[in-house]
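This is work.cif (mmCIF, C-alpha atoms).
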data_coords
#
loop_
_atom_site.group_PDB
_atom_site.id
_atom_site.type_symbol
_atom_site.label_atom_id
_atom_site.label_comp_id
_atom_site.auth_asym_id
_atom_site.auth_seq_id
_atom_site.Cartn_x
_atom_site.Cartn_y
_atom_site.Cartn_z
ATOM 1 C CA MET J 1 8.684 -68.387 -0.929
ATOM 2 C CA PHE J 2 4.950 -67.731 -1.130
ATOM 3 C CA THR J 3 1.710 -69.346 -2.199
ATOM 4 C CA PRO J 4 0.324 -67.752 -5.377
ATOM 5 C CA THR J 5 -3.219 -66.395 -5.021
ATOM 6 C CA PRO J 6 -5.252 -65.100 -7.956
ATOM 7 C CA ILE J 7 -6.107 -61.407 -7.629
ATOM 8 C CA GLY J 8 -8.572 -61.854 -10.488
ATOM 9 C CA PHE J 9 -9.226 -63.549 -13.807
ATOM 10 C CA VAL J 10 -8.910 -62.684 -17.494
ATOM 11 C CA ARG J 11 -12.162 -62.310 -19.452
ATOM 12 C CA SER J 12 -10.889 -63.118 -22.922
ATOM 13 C CA PRO J 13 -12.402 -63.893 -26.323
ATOM 14 C CA TYR J 14 -10.035 -66.880 -26.526
ATOM 15 C CA SER J 15 -11.571 -70.085 -25.174
ATOM 16 C CA GLN J 16 -9.039 -72.443 -26.764
ATOM 17 C CA THR J 17 -5.261 -72.211 -27.047
ATOM 18 C CA SER J 18 -5.453 -72.937 -30.775
ATOM 19 C CA THR J 19 -7.354 -69.687 -31.439
ATOM 20 C CA ILE J 20 -4.654 -67.428 -29.966
ATOM 21 C CA PRO J 21 -2.494 -65.881 -32.710
ATOM 22 C CA LYS J 22 1.057 -67.250 -32.495
ATOM 23 C CA GLY J 23 4.285 -66.936 -34.368
ATOM 24 C CA LEU J 24 5.872 -64.191 -36.401
ATOM 25 C CA GLY J 25 3.760 -61.149 -37.064
ATOM 26 C CA ALA J 26 1.043 -62.360 -34.692
ATOM 27 C CA LYS J 27 -1.134 -59.409 -33.767
ATOM 28 C CA HIS J 28 -2.523 -59.291 -30.273
ATOM 29 C CA ASP J 29 -5.333 -56.779 -30.627
ATOM 30 C CA ALA J 30 -7.864 -58.808 -28.684
ATOM 31 C CA GLU J 31 -9.969 -56.833 -26.240
ATOM 32 C CA GLY J 32 -11.399 -58.080 -22.987
ATOM 33 C CA ASP J 33 -11.407 -57.450 -19.268
ATOM 34 C CA LEU J 34 -9.152 -57.987 -16.304
ATOM 35 C CA GLU J 35 -11.720 -58.795 -13.630
ATOM 36 C CA ILE J 36 -10.154 -58.123 -10.256
ATOM 37 C CA LEU J 37 -11.676 -59.798 -7.202
ATOM 38 C CA PRO J 38 -13.623 -57.360 -5.007
ATOM 39 C CA GLU J 39 -11.264 -57.870 -2.063
ATOM 40 C CA PHE J 40 -8.309 -56.606 -4.143
ATOM 41 C CA ALA J 41 -10.100 -53.884 -6.130
ATOM 42 C CA ALA J 42 -8.891 -51.061 -3.845
ATOM 43 C CA GLY J 43 -5.405 -51.724 -5.243
ATOM 44 C CA LEU J 44 -6.564 -50.455 -8.650
ATOM 45 C CA GLN J 45 -6.658 -46.839 -7.447
ATOM 46 C CA ASP J 46 -4.924 -44.582 -10.045
ATOM 47 C CA VAL J 47 -4.191 -47.498 -12.390
ATOM 48 C CA GLU J 48 -6.245 -45.973 -15.186
ATOM 49 C CA GLY J 49 -3.885 -42.991 -15.348
ATOM 50 C CA PHE J 50 -1.388 -45.276 -17.072
ATOM 51 C CA SER J 51 -1.768 -46.122 -20.746
ATOM 52 C CA HIS J 52 -0.253 -49.601 -20.416
ATOM 53 C CA LEU J 53 0.062 -52.281 -17.740
ATOM 54 C CA PHE J 54 2.147 -55.379 -17.189
ATOM 55 C CA VAL J 55 -0.030 -58.378 -16.346
ATOM 56 C CA ILE J 56 1.650 -61.331 -14.612
ATOM 57 C CA TRP J 57 -0.510 -64.433 -14.909
ATOM 58 C CA VAL J 58 -0.431 -68.222 -14.667
ATOM 59 C CA PHE J 59 -0.306 -70.735 -17.522
ATOM 60 C CA ASP J 60 -2.793 -72.837 -15.539
ATOM 61 C CA LYS J 61 -3.409 -75.319 -18.381
ATOM 62 C CA SER J 62 0.304 -76.028 -18.853
ATOM 63 C CA GLU J 63 1.905 -79.143 -17.373
ATOM 64 C CA GLY J 64 5.581 -79.677 -16.735
ATOM 65 C CA TYR J 65 8.376 -77.838 -18.488
ATOM 66 C CA GLN J 66 10.829 -78.257 -21.312
ATOM 67 C CA LEU J 67 14.172 -76.444 -20.973
ATOM 68 C CA VAL J 68 14.947 -76.548 -24.710
ATOM 69 C CA GLY J 69 12.279 -76.855 -27.350
ATOM 70 C CA PRO J 70 11.138 -75.615 -30.756
ATOM 71 C CA THR J 71 8.851 -72.590 -31.112
ATOM 72 C CA PRO J 72 5.988 -72.014 -33.569
ATOM 73 C CA VAL J 73 8.067 -69.146 -34.990
ATOM 74 C CA ASP J 74 10.952 -71.016 -36.587
ATOM 75 C CA GLY J 75 10.703 -74.681 -35.546
ATOM 76 C CA ILE J 76 14.262 -74.472 -34.175
ATOM 77 C CA PRO J 77 14.976 -75.436 -30.535
ATOM 78 C CA HIS J 78 15.730 -72.534 -28.181
ATOM 79 C CA GLY J 79 16.123 -72.310 -24.412
ATOM 80 C CA VAL J 80 12.835 -71.735 -22.623
ATOM 81 C CA PHE J 81 14.157 -68.459 -21.136
ATOM 82 C CA ALA J 82 14.693 -67.150 -24.691
ATOM 83 C CA THR J 83 11.057 -67.886 -25.633
ATOM 84 C CA ARG J 84 7.516 -67.299 -24.400
ATOM 85 C CA SER J 85 6.769 -71.044 -24.201
ATOM 86 C CA PRO J 86 4.084 -71.994 -21.643
ATOM 87 C CA ARG J 87 6.135 -75.003 -20.493
ATOM 88 C CA ARG J 88 8.329 -73.121 -17.996
ATOM 89 C CA PRO J 89 9.800 -74.155 -14.605
ATOM 90 C CA ASN J 90 7.447 -71.572 -13.065
ATOM 91 C CA PRO J 91 4.427 -71.325 -15.402
ATOM 92 C CA LEU J 92 4.252 -67.516 -15.376
ATOM 93 C CA GLY J 93 3.000 -65.430 -18.275
ATOM 94 C CA LEU J 94 3.710 -61.750 -18.861
ATOM 95 C CA THR J 95 1.621 -59.570 -21.164
ATOM 96 C CA VAL J 96 1.604 -55.839 -21.810
ATOM 97 C CA VAL J 97 -1.932 -54.522 -22.274
ATOM 98 C CA GLU J 98 -3.315 -51.107 -23.161
ATOM 99 C CA ILE J 99 -5.931 -49.785 -20.729
ATOM 100 C CA LEU J 100 -9.103 -48.718 -22.520
ATOM 101 C CA GLY J 101 -11.218 -48.012 -19.455
ATOM 102 C CA ARG J 102 -12.335 -49.130 -16.038
ATOM 103 C CA THR J 103 -15.689 -49.971 -14.515
ATOM 104 C CA GLU J 104 -15.354 -50.639 -10.795
ATOM 105 C CA ASN J 105 -13.273 -53.816 -10.490
ATOM 106 C CA ARG J 106 -12.999 -54.512 -14.244
ATOM 107 C CA LEU J 107 -10.272 -53.048 -16.425
ATOM 108 C CA HIS J 108 -11.155 -53.069 -20.097
ATOM 109 C CA VAL J 109 -7.956 -53.679 -22.051
ATOM 110 C CA ARG J 110 -6.525 -54.364 -25.502
ATOM 111 C CA GLY J 111 -3.722 -56.785 -26.267
ATOM 112 C CA LEU J 112 -4.840 -59.982 -24.564
ATOM 113 C CA ASP J 113 -3.106 -63.220 -25.476
ATOM 114 C CA MET J 114 -4.451 -65.321 -22.596
ATOM 115 C CA LEU J 115 -7.294 -67.801 -22.401
ATOM 116 C CA GLU J 116 -10.666 -67.016 -20.837
ATOM 117 C CA GLY J 117 -10.459 -67.617 -17.091
ATOM 118 C CA THR J 118 -6.667 -67.262 -16.799
ATOM 119 C CA PRO J 119 -5.667 -66.464 -13.190
ATOM 120 C CA ILE J 120 -3.979 -63.078 -12.710
ATOM 121 C CA LEU J 121 -1.273 -62.735 -10.045
ATOM 122 C CA ASP J 122 -0.196 -59.117 -10.385
ATOM 123 C CA LEU J 123 -0.563 -55.864 -12.292
ATOM 124 C CA LYS J 124 2.217 -53.299 -12.556
ATOM 125 C CA PRO J 125 2.394 -49.925 -14.278
ATOM 126 C CA TYR J 126 4.384 -49.832 -17.523
ATOM 127 C CA MET J 127 6.662 -46.895 -16.790
ATOM 128 C CA SER J 128 9.329 -46.816 -19.469
ATOM 129 C CA SER J 129 10.439 -48.485 -22.666
ATOM 130 C CA ILE J 130 13.768 -49.482 -24.101
ATOM 131 C CA ALA J 131 14.353 -47.353 -27.195
ATOM 132 C CA ALA J 132 13.721 -49.410 -30.335
ATOM 133 C CA GLU J 133 17.231 -48.746 -31.663
ATOM 134 C CA LYS J 134 18.732 -50.299 -28.522
ATOM 135 C CA LEU J 135 16.805 -53.572 -28.763
ATOM 136 C CA ARG J 136 18.356 -56.739 -30.156
ATOM 137 C CA ARG J 137 16.102 -59.777 -30.422
ATOM 138 C CA GLY J 138 18.458 -62.668 -31.160
ATOM 139 C CA TRP J 139 16.924 -65.715 -32.843
ATOM 140 C CA LEU J 140 13.686 -63.812 -33.426
ATOM 141 C CA ASP J 141 15.435 -61.215 -35.612
ATOM 142 C CA VAL J 142 17.102 -64.061 -37.530
ATOM 143 C CA ALA J 143 13.763 -65.775 -38.096
ATOM 144 C CA GLU J 144 12.150 -62.535 -39.253
ATOM 145 C CA ALA J 145 14.990 -61.805 -41.659
ATOM 146 C CA LYS J 146 14.526 -65.276 -43.202
ATOM 147 C CA GLY J 147 10.744 -65.107 -43.184
ATOM 148 C CA MET T 148 -2.002 -73.009 -9.168
ATOM 149 C CA PHE T 149 1.647 -73.946 -8.712
ATOM 150 C CA THR T 150 4.427 -73.906 -6.130
ATOM 151 C CA PRO T 151 7.072 -71.287 -6.965
ATOM 152 C CA THR T 152 10.589 -72.691 -7.290
ATOM 153 C CA PRO T 153 13.685 -70.496 -7.663
ATOM 154 C CA ILE T 154 15.462 -71.046 -10.970
ATOM 155 C CA GLY T 155 18.388 -69.055 -9.573
ATOM 156 C CA PHE T 156 19.433 -66.093 -7.476
ATOM 157 C CA VAL T 157 20.463 -62.486 -8.056
ATOM 158 C CA ARG T 158 24.085 -61.588 -7.305
ATOM 159 C CA SER T 159 23.674 -57.898 -6.584
ATOM 160 C CA PRO T 160 25.794 -55.112 -5.097
ATOM 161 C CA TYR T 161 22.801 -54.203 -2.892
ATOM 162 C CA SER T 162 22.851 -55.965 0.462
ATOM 163 C CA GLN T 163 20.288 -53.696 2.125
ATOM 164 C CA THR T 164 17.001 -52.291 0.848
ATOM 165 C CA SER T 165 18.023 -48.804 1.971
ATOM 166 C CA THR T 166 20.911 -48.733 -0.522
ATOM 167 C CA ILE T 167 18.718 -49.318 -3.602
ATOM 168 C CA PRO T 168 18.001 -46.041 -5.434
ATOM 169 C CA LYS T 169 14.298 -45.185 -5.162
ATOM 170 C CA GLY T 170 11.974 -42.437 -6.232
ATOM 171 C CA LEU T 171 11.958 -39.998 -9.122
ATOM 172 C CA GLY T 172 14.988 -39.987 -11.334
ATOM 173 C CA ALA T 173 16.408 -43.064 -9.616
ATOM 174 C CA LYS T 174 19.011 -44.614 -11.895
ATOM 175 C CA HIS T 175 19.311 -48.360 -11.938
ATOM 176 C CA ASP T 176 22.709 -48.854 -13.508
ATOM 177 C CA ALA T 177 23.857 -51.475 -11.027
ATOM 178 C CA GLU T 178 25.671 -54.431 -12.541
ATOM 179 C CA GLY T 179 25.672 -57.959 -11.244
ATOM 180 C CA ASP T 180 24.798 -61.517 -12.168
ATOM 181 C CA LEU T 181 21.753 -63.671 -12.577
ATOM 182 C CA GLU T 182 23.076 -66.989 -11.306
ATOM 183 C CA ILE T 183 20.897 -69.746 -12.714
ATOM 184 C CA LEU T 184 20.907 -73.118 -10.962
ATOM 185 C CA PRO T 185 22.789 -75.795 -12.941
ATOM 186 C CA GLU T 186 19.630 -77.894 -13.401
ATOM 187 C CA PHE T 187 17.924 -75.020 -15.260
ATOM 188 C CA ALA T 188 20.946 -73.657 -17.163
ATOM 189 C CA ALA T 189 20.032 -75.458 -20.411
ATOM 190 C CA GLY T 190 17.055 -73.086 -20.637
ATOM 191 C CA LEU T 191 19.472 -70.178 -21.217
ATOM 192 C CA GLN T 192 20.303 -71.348 -24.752
ATOM 193 C CA ASP T 193 20.126 -68.354 -27.156
ATOM 194 C CA VAL T 194 19.251 -65.907 -24.360
ATOM 195 C CA GLU T 195 22.371 -63.843 -24.977
ATOM 196 C CA GLY T 196 21.159 -62.973 -28.488
ATOM 197 C CA PHE T 197 18.696 -60.597 -26.847
ATOM 198 C CA SER T 198 19.839 -57.213 -25.600
ATOM 199 C CA HIS T 199 17.314 -57.069 -22.740
ATOM 200 C CA LEU T 200 15.472 -59.536 -20.517
ATOM 201 C CA PHE T 201 12.492 -59.432 -18.206
ATOM 202 C CA VAL T 202 13.330 -60.898 -14.808
ATOM 203 C CA ILE T 203 10.426 -62.060 -12.623
ATOM 204 C CA TRP T 204 11.524 -62.416 -9.027
ATOM 205 C CA VAL T 205 10.266 -62.650 -5.445
ATOM 206 C CA PHE T 206 10.229 -59.884 -2.830
ATOM 207 C CA ASP T 207 11.269 -62.524 -0.302
ATOM 208 C CA LYS T 208 11.905 -60.004 2.490
ATOM 209 C CA SER T 209 8.455 -58.442 2.164
ATOM 210 C CA GLU T 210 5.646 -59.399 4.552
ATOM 211 C CA GLY T 211 1.946 -58.913 3.940
ATOM 212 C CA TYR T 212 0.455 -56.390 1.568
ATOM 213 C CA GLN T 213 -1.105 -52.952 1.512
ATOM 214 C CA LEU T 214 -3.685 -52.280 -1.209
ATOM 215 C CA VAL T 215 -3.356 -48.484 -0.968
ATOM 216 C CA GLY T 216 -0.264 -46.764 0.321
ATOM 217 C CA PRO T 217 2.116 -43.833 -0.220
ATOM 218 C CA THR T 218 5.197 -44.179 -2.433
ATOM 219 C CA PRO T 219 8.678 -42.706 -1.954
ATOM 220 C CA VAL T 220 8.065 -40.703 -5.146
ATOM 221 C CA ASP T 221 5.312 -38.324 -4.035
ATOM 222 C CA GLY T 222 4.152 -39.390 -0.549
ATOM 223 C CA ILE T 223 0.580 -39.640 -1.895
ATOM 224 C CA PRO T 224 -1.382 -42.906 -1.506
ATOM 225 C CA HIS T 225 -1.877 -44.925 -4.705
ATOM 226 C CA GLY T 226 -3.248 -48.380 -5.367
ATOM 227 C CA VAL T 227 -0.593 -51.079 -5.147
ATOM 228 C CA PHE T 228 -1.238 -52.098 -8.788
ATOM 229 C CA ALA T 229 -0.304 -48.549 -9.873
ATOM 230 C CA THR T 230 3.051 -48.737 -8.048
ATOM 231 C CA ARG T 231 6.096 -50.979 -7.701
ATOM 232 C CA SER T 232 5.596 -51.391 -3.935
ATOM 233 C CA PRO T 233 7.022 -54.642 -2.497
ATOM 234 C CA ARG T 234 3.928 -55.134 -0.319
ATOM 235 C CA ARG T 235 1.769 -56.853 -2.971
ATOM 236 C CA PRO T 236 -0.844 -59.649 -2.714
ATOM 237 C CA ASN T 237 1.633 -61.818 -4.651
ATOM 238 C CA PRO T 238 5.128 -60.500 -3.812
ATOM 239 C CA LEU T 239 6.414 -60.569 -7.392
ATOM 240 C CA GLY T 240 8.996 -58.168 -8.751
ATOM 241 C CA LEU T 241 9.637 -57.384 -12.420
ATOM 242 C CA THR T 242 12.843 -55.822 -13.693
ATOM 243 C CA VAL T 243 14.171 -55.187 -17.193
ATOM 244 C CA VAL T 244 17.912 -55.804 -17.404
ATOM 245 C CA GLU T 245 20.451 -55.375 -20.168
ATOM 246 C CA ILE T 246 22.528 -58.464 -20.915
ATOM 247 C CA LEU T 247 26.260 -57.708 -20.872
ATOM 248 C CA GLY T 248 27.519 -61.261 -21.220
ATOM 249 C CA ARG T 249 27.215 -64.850 -20.157
ATOM 250 C CA THR T 250 29.583 -67.309 -18.514
ATOM 251 C CA GLU T 251 28.016 -70.757 -18.318
ATOM 252 C CA ASN T 252 25.087 -70.454 -15.914
ATOM 253 C CA ARG T 253 25.699 -66.778 -15.001
ATOM 254 C CA LEU T 254 24.280 -63.883 -16.958
ATOM 255 C CA HIS T 255 26.129 -60.640 -16.351
ATOM 256 C CA VAL T 256 23.581 -57.810 -16.498
ATOM 257 C CA ARG T 257 23.058 -54.097 -15.948
ATOM 258 C CA GLY T 258 20.008 -52.538 -14.357
ATOM 259 C CA LEU T 259 19.589 -54.515 -11.143
ATOM 260 C CA ASP T 260 17.293 -53.131 -8.467
ATOM 261 C CA MET T 261 17.059 -56.265 -6.347
ATOM 262 C CA LEU T 262 18.846 -57.320 -3.193
ATOM 263 C CA GLU T 263 21.697 -59.828 -3.121
ATOM 264 C CA GLY T 264 20.260 -63.338 -2.950
ATOM 265 C CA THR T 265 16.838 -62.480 -4.391
ATOM 266 C CA PRO T 266 15.143 -65.628 -5.765
ATOM 267 C CA ILE T 267 14.492 -65.568 -9.532
ATOM 268 C CA LEU T 268 11.364 -67.303 -10.871
ATOM 269 C CA ASP T 269 11.560 -66.651 -14.598
ATOM 270 C CA LEU T 270 13.423 -64.918 -17.423
ATOM 271 C CA LYS T 271 11.740 -63.840 -20.639
ATOM 272 C CA PRO T 272 13.085 -62.135 -23.742
ATOM 273 C CA TYR T 273 12.229 -58.444 -24.105
ATOM 274 C CA MET T 274 10.817 -58.453 -27.615
ATOM 275 C CA SER T 275 9.176 -55.091 -28.199
ATOM 276 C CA SER T 276 8.582 -51.716 -26.620
ATOM 277 C CA ILE T 277 5.656 -49.355 -26.494
ATOM 278 C CA ALA T 278 6.645 -46.221 -28.410
ATOM 279 C CA ALA T 279 7.501 -43.420 -25.982
ATOM 280 C CA GLU T 280 4.886 -41.103 -27.499
ATOM 281 C CA LYS T 281 2.156 -43.642 -26.744
ATOM 282 C CA LEU T 282 2.987 -43.998 -23.050
ATOM 283 C CA ARG T 283 1.031 -42.211 -20.327
ATOM 284 C CA ARG T 284 2.266 -42.644 -16.782
ATOM 285 C CA GLY T 285 -0.548 -41.230 -14.649
ATOM 286 C CA TRP T 286 0.411 -40.106 -11.145
ATOM 287 C CA LEU T 287 4.098 -40.498 -11.985
ATOM 288 C CA ASP T 288 3.910 -37.890 -14.766
ATOM 289 C CA VAL T 289 2.086 -35.568 -12.349
ATOM 290 C CA ALA T 290 4.781 -36.027 -9.711
ATOM 291 C CA GLU T 291 7.564 -35.421 -12.236
ATOM 292 C CA ALA T 292 5.881 -32.266 -13.526
ATOM 293 C CA LYS T 293 5.720 -30.930 -9.953
ATOM 294 C CA GLY T 294 9.202 -32.098 -9.008
#

Go ahead and express the file in the form of structure tokens.
Amino acid sequence: MFTPTPIGFVRSPYSQTSTIPKGLGAKHDAEGDLEILPEFAAGLQDVEGFSHLFVIWVFDKSEGYQLVGPTPVDGIPHGVFATRSPRRPNPLGLTVVEILGRTENRLHVRGLDMLEGTPILDLKPYMSSIAAEKLRRGWLDVAEAKG
Amino acid sequence: MFTPTPIGFVRSPYSQTSTIPKGLGAKHDAEGDLEILPEFAAGLQDVEGFSHLFVIWVFDKSEGYQLVGPTPVDGIPHGVFATRSPRRPNPLGLTVVEILGRTENRLHVRGLDMLEGTPILDLKPYMSSIAAEKLRRGWLDVAEAKG
């Protein structure tokens, strides 16, 4: 395996978990920066040509994991791999952000749902989407239909 | 930070890197299994209600990293965070797969681009897509236009 090393940190308007919108219909329009450490900044070359990025990050405030647990969406227990729960065997987060601009080693982005200071492990270009008509979303569609 | 632990392993038809389709127009239709370790299988509850999953995995055959390097697509150097290169500061891979079925702790999926035996760190439900008309793909669009 490998030892995770932050390539940078999220500069987010959210300083507490409770202020991050959660649940059905939660909008993630928050803007902020992905501040990449100077020693990794060369890896950003050509990133700003993409409209969207995947950010892989660490739930560094989360402790332990729960394989089956309720979500804020419907209160019904689901497997952790069918949810975005922070209490995962490997505490990895994944967020799609829209790139608004770049100043040296800072990417200004929209769509943050992480806390201020969250460690970033990787950035990857968002290259293609699954067509909306091909997506099924299991328990989430059920909860939305009820809601 | 945390110590990465495999939650399972990819059962893939690809036994060598050279056999994985790469570059422009590469199709990833390969079918195989995500074999989740019995101690984590409870976390799969309700996963099969989703049509697609994100798989976060480890490039466990990759050594070291290169912040700027050429890709098989266009031979032009790009920053590692604008490519899917395996030689990343944190050797994490991200693949979207379609779920075809589940038998106990094995998810049968389409869309593999990993080697046989690749360690899996996390699975997350694919909940929404960026509309195709909103996506820009930077150097990749340029390469496709030329190609």

### Task
Evaluate the PyMOL selection byres ((chain T) within 6 of (chain J)) and record the selected residues as a ChimeraX atom specification, following the chain and residue labels used in the document.
/T:189-192,194,196-198,214-215,225-229,270-272,276,282-285

Selection file, C-alpha atoms, as a PDB file, in the coordinates of the input:
ATOM      1  CA  ALA T 189      20.032 -75.458 -20.411  1.00  0.00           C
ATOM      2  CA  GLY T 190      17.055 -73.086 -20.637  1.00  0.00           C
ATOM      3  CA  LEU T 191      19.472 -70.178 -21.217  1.00  0.00           C
ATOM      4  CA  GLN T 192      20.303 -71.348 -24.752  1.00  0.00           C
ATOM      5  CA  VAL T 194      19.251 -65.907 -24.360  1.00  0.00           C
ATOM      6  CA  GLY T 196      21.159 -62.973 -28.488  1.00  0.00           C
ATOM      7  CA  PHE T 197      18.696 -60.597 -26.847  1.00  0.00           C
ATOM      8  CA  SER T 198      19.839 -57.213 -25.600  1.00  0.00           C
ATOM      9  CA  LEU T 214      -3.685 -52.280  -1.209  1.00  0.00           C
ATOM     10  CA  VAL T 215      -3.356 -48.484  -0.968  1.00  0.00           C
ATOM     11  CA  HIS T 225      -1.877 -44.925  -4.705  1.00  0.00           C
ATOM     12  CA  GLY T 226      -3.248 -48.380  -5.367  1.00  0.00           C
ATOM     13  CA  VAL T 227      -0.593 -51.079  -5.147  1.00  0.00           C
ATOM     14  CA  PHE T 228      -1.238 -52.098  -8.788  1.00  0.00           C
ATOM     15  CA  ALA T 229      -0.304 -48.549  -9.873  1.00  0.00           C
ATOM     16  CA  LEU T 270      13.423 -64.918 -17.423  1.00  0.00           C
ATOM     17  CA  LYS T 271      11.740 -63.840 -20.639  1.00  0.00           C
ATOM     18  CA  PRO T 272      13.085 -62.135 -23.742  1.00  0.00           C
ATOM     19  CA  SER T 276       8.582 -51.716 -26.620  1.00  0.00           C
ATOM     20  CA  LEU T 282       2.987 -43.998 -23.050  1.00  0.00           C
ATOM     21  CA  ARG T 283       1.031 -42.211 -20.327  1.00  0.00           C
ATOM     22  CA  ARG T 284       2.266 -42.644 -16.782  1.00  0.00           C
ATOM     23  CA  GLY T 285      -0.548 -41.230 -14.649  1.00  0.00           C
TER      24      GLY T 285
END

#### Entry: Result set of the PyMOL selection byres ((chain T and resi 252-254) around 6) on the coordinates above, as a VMD selection string
chain T and resid 180 to 183 188 248 to 251 255

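Atom pair CA of Ala143 (chain J) / CA of Pro86 (chain J): separated by 20.1 Å.
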
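The two atoms in question, CA of Val244 (chain T) and CA of Arg158 (chain T), are spaced 13.2 Å apart.
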
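Distances from T:Leu259, T:Thr265, T:Ser162, T:Arg234 to Glu178 (chain T) were compared using all atoms listed in the file, and the smallest one belongs to T:Leu259.
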
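We find CA of Pro21 (chain J) and CA of Asp74 (chain J) to be spaced 14.9 Å apart.
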
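Residues matching the PyMOL selection byres ((chain T and resi 170) around 6) in this structure come to Lys169, Leu171, Ala173, Pro219 and Val220 of chain T.
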
Assuming the input is short of atoms at region 162-175 of chain T, produce N, CA and C atoms for that part as a short mmCIF file (atom, residue, chain, number, x, y, z; two decimals), keeping the file's coordinate frame.
data_model
loop_
_atom_site.label_atom_id
_atom_site.label_comp_id
_atom_site.auth_asym_id
_atom_site.auth_seq_id
_atom_site.Cartn_x
_atom_site.Cartn_y
_atom_site.Cartn_z
N SER T 162 23.08 -55.02 -0.62
CA SER T 162 22.85 -55.96 0.46
C SER T 162 21.76 -55.49 1.41
N GLN T 163 21.36 -54.22 1.28
CA GLN T 163 20.29 -53.70 2.12
C GLN T 163 19.32 -52.89 1.27
N THR T 164 18.03 -53.00 1.61
CA THR T 164 17.00 -52.29 0.85
C THR T 164 17.30 -50.79 0.79
N SER T 165 17.82 -50.25 1.89
CA SER T 165 18.02 -48.80 1.97
C SER T 165 19.05 -48.29 0.96
N THR T 166 19.88 -49.18 0.41
CA THR T 166 20.91 -48.73 -0.52
C THR T 166 20.43 -48.75 -1.98
N ILE T 167 19.23 -49.26 -2.23
CA ILE T 167 18.72 -49.32 -3.60
C ILE T 167 18.10 -47.97 -3.96
N PRO T 168 18.55 -47.35 -5.07
CA PRO T 168 18.00 -46.04 -5.43
C PRO T 168 16.49 -46.13 -5.63
N LYS T 169 15.76 -45.19 -5.05
CA LYS T 169 14.30 -45.18 -5.16
C LYS T 169 13.82 -43.79 -5.51
N GLY T 170 12.61 -43.73 -6.01
CA GLY T 170 11.97 -42.44 -6.23
C GLY T 170 12.28 -41.88 -7.60
N LEU T 171 11.84 -40.63 -7.81
CA LEU T 171 11.96 -40.00 -9.12
C LEU T 171 13.40 -39.87 -9.55
N GLY T 172 13.65 -40.17 -10.80
CA GLY T 172 14.99 -39.99 -11.33
C GLY T 172 15.98 -41.02 -10.84
N ALA T 173 15.49 -42.03 -10.10
CA ALA T 173 16.41 -43.06 -9.62
C ALA T 173 17.00 -43.79 -10.82
N LYS T 174 18.33 -43.89 -10.82
CA LYS T 174 19.01 -44.61 -11.90
C LYS T 174 19.30 -46.02 -11.43
N HIS T 175 18.99 -46.98 -12.28
CA HIS T 175 19.31 -48.36 -11.94
C HIS T 175 20.36 -48.87 -12.92
#
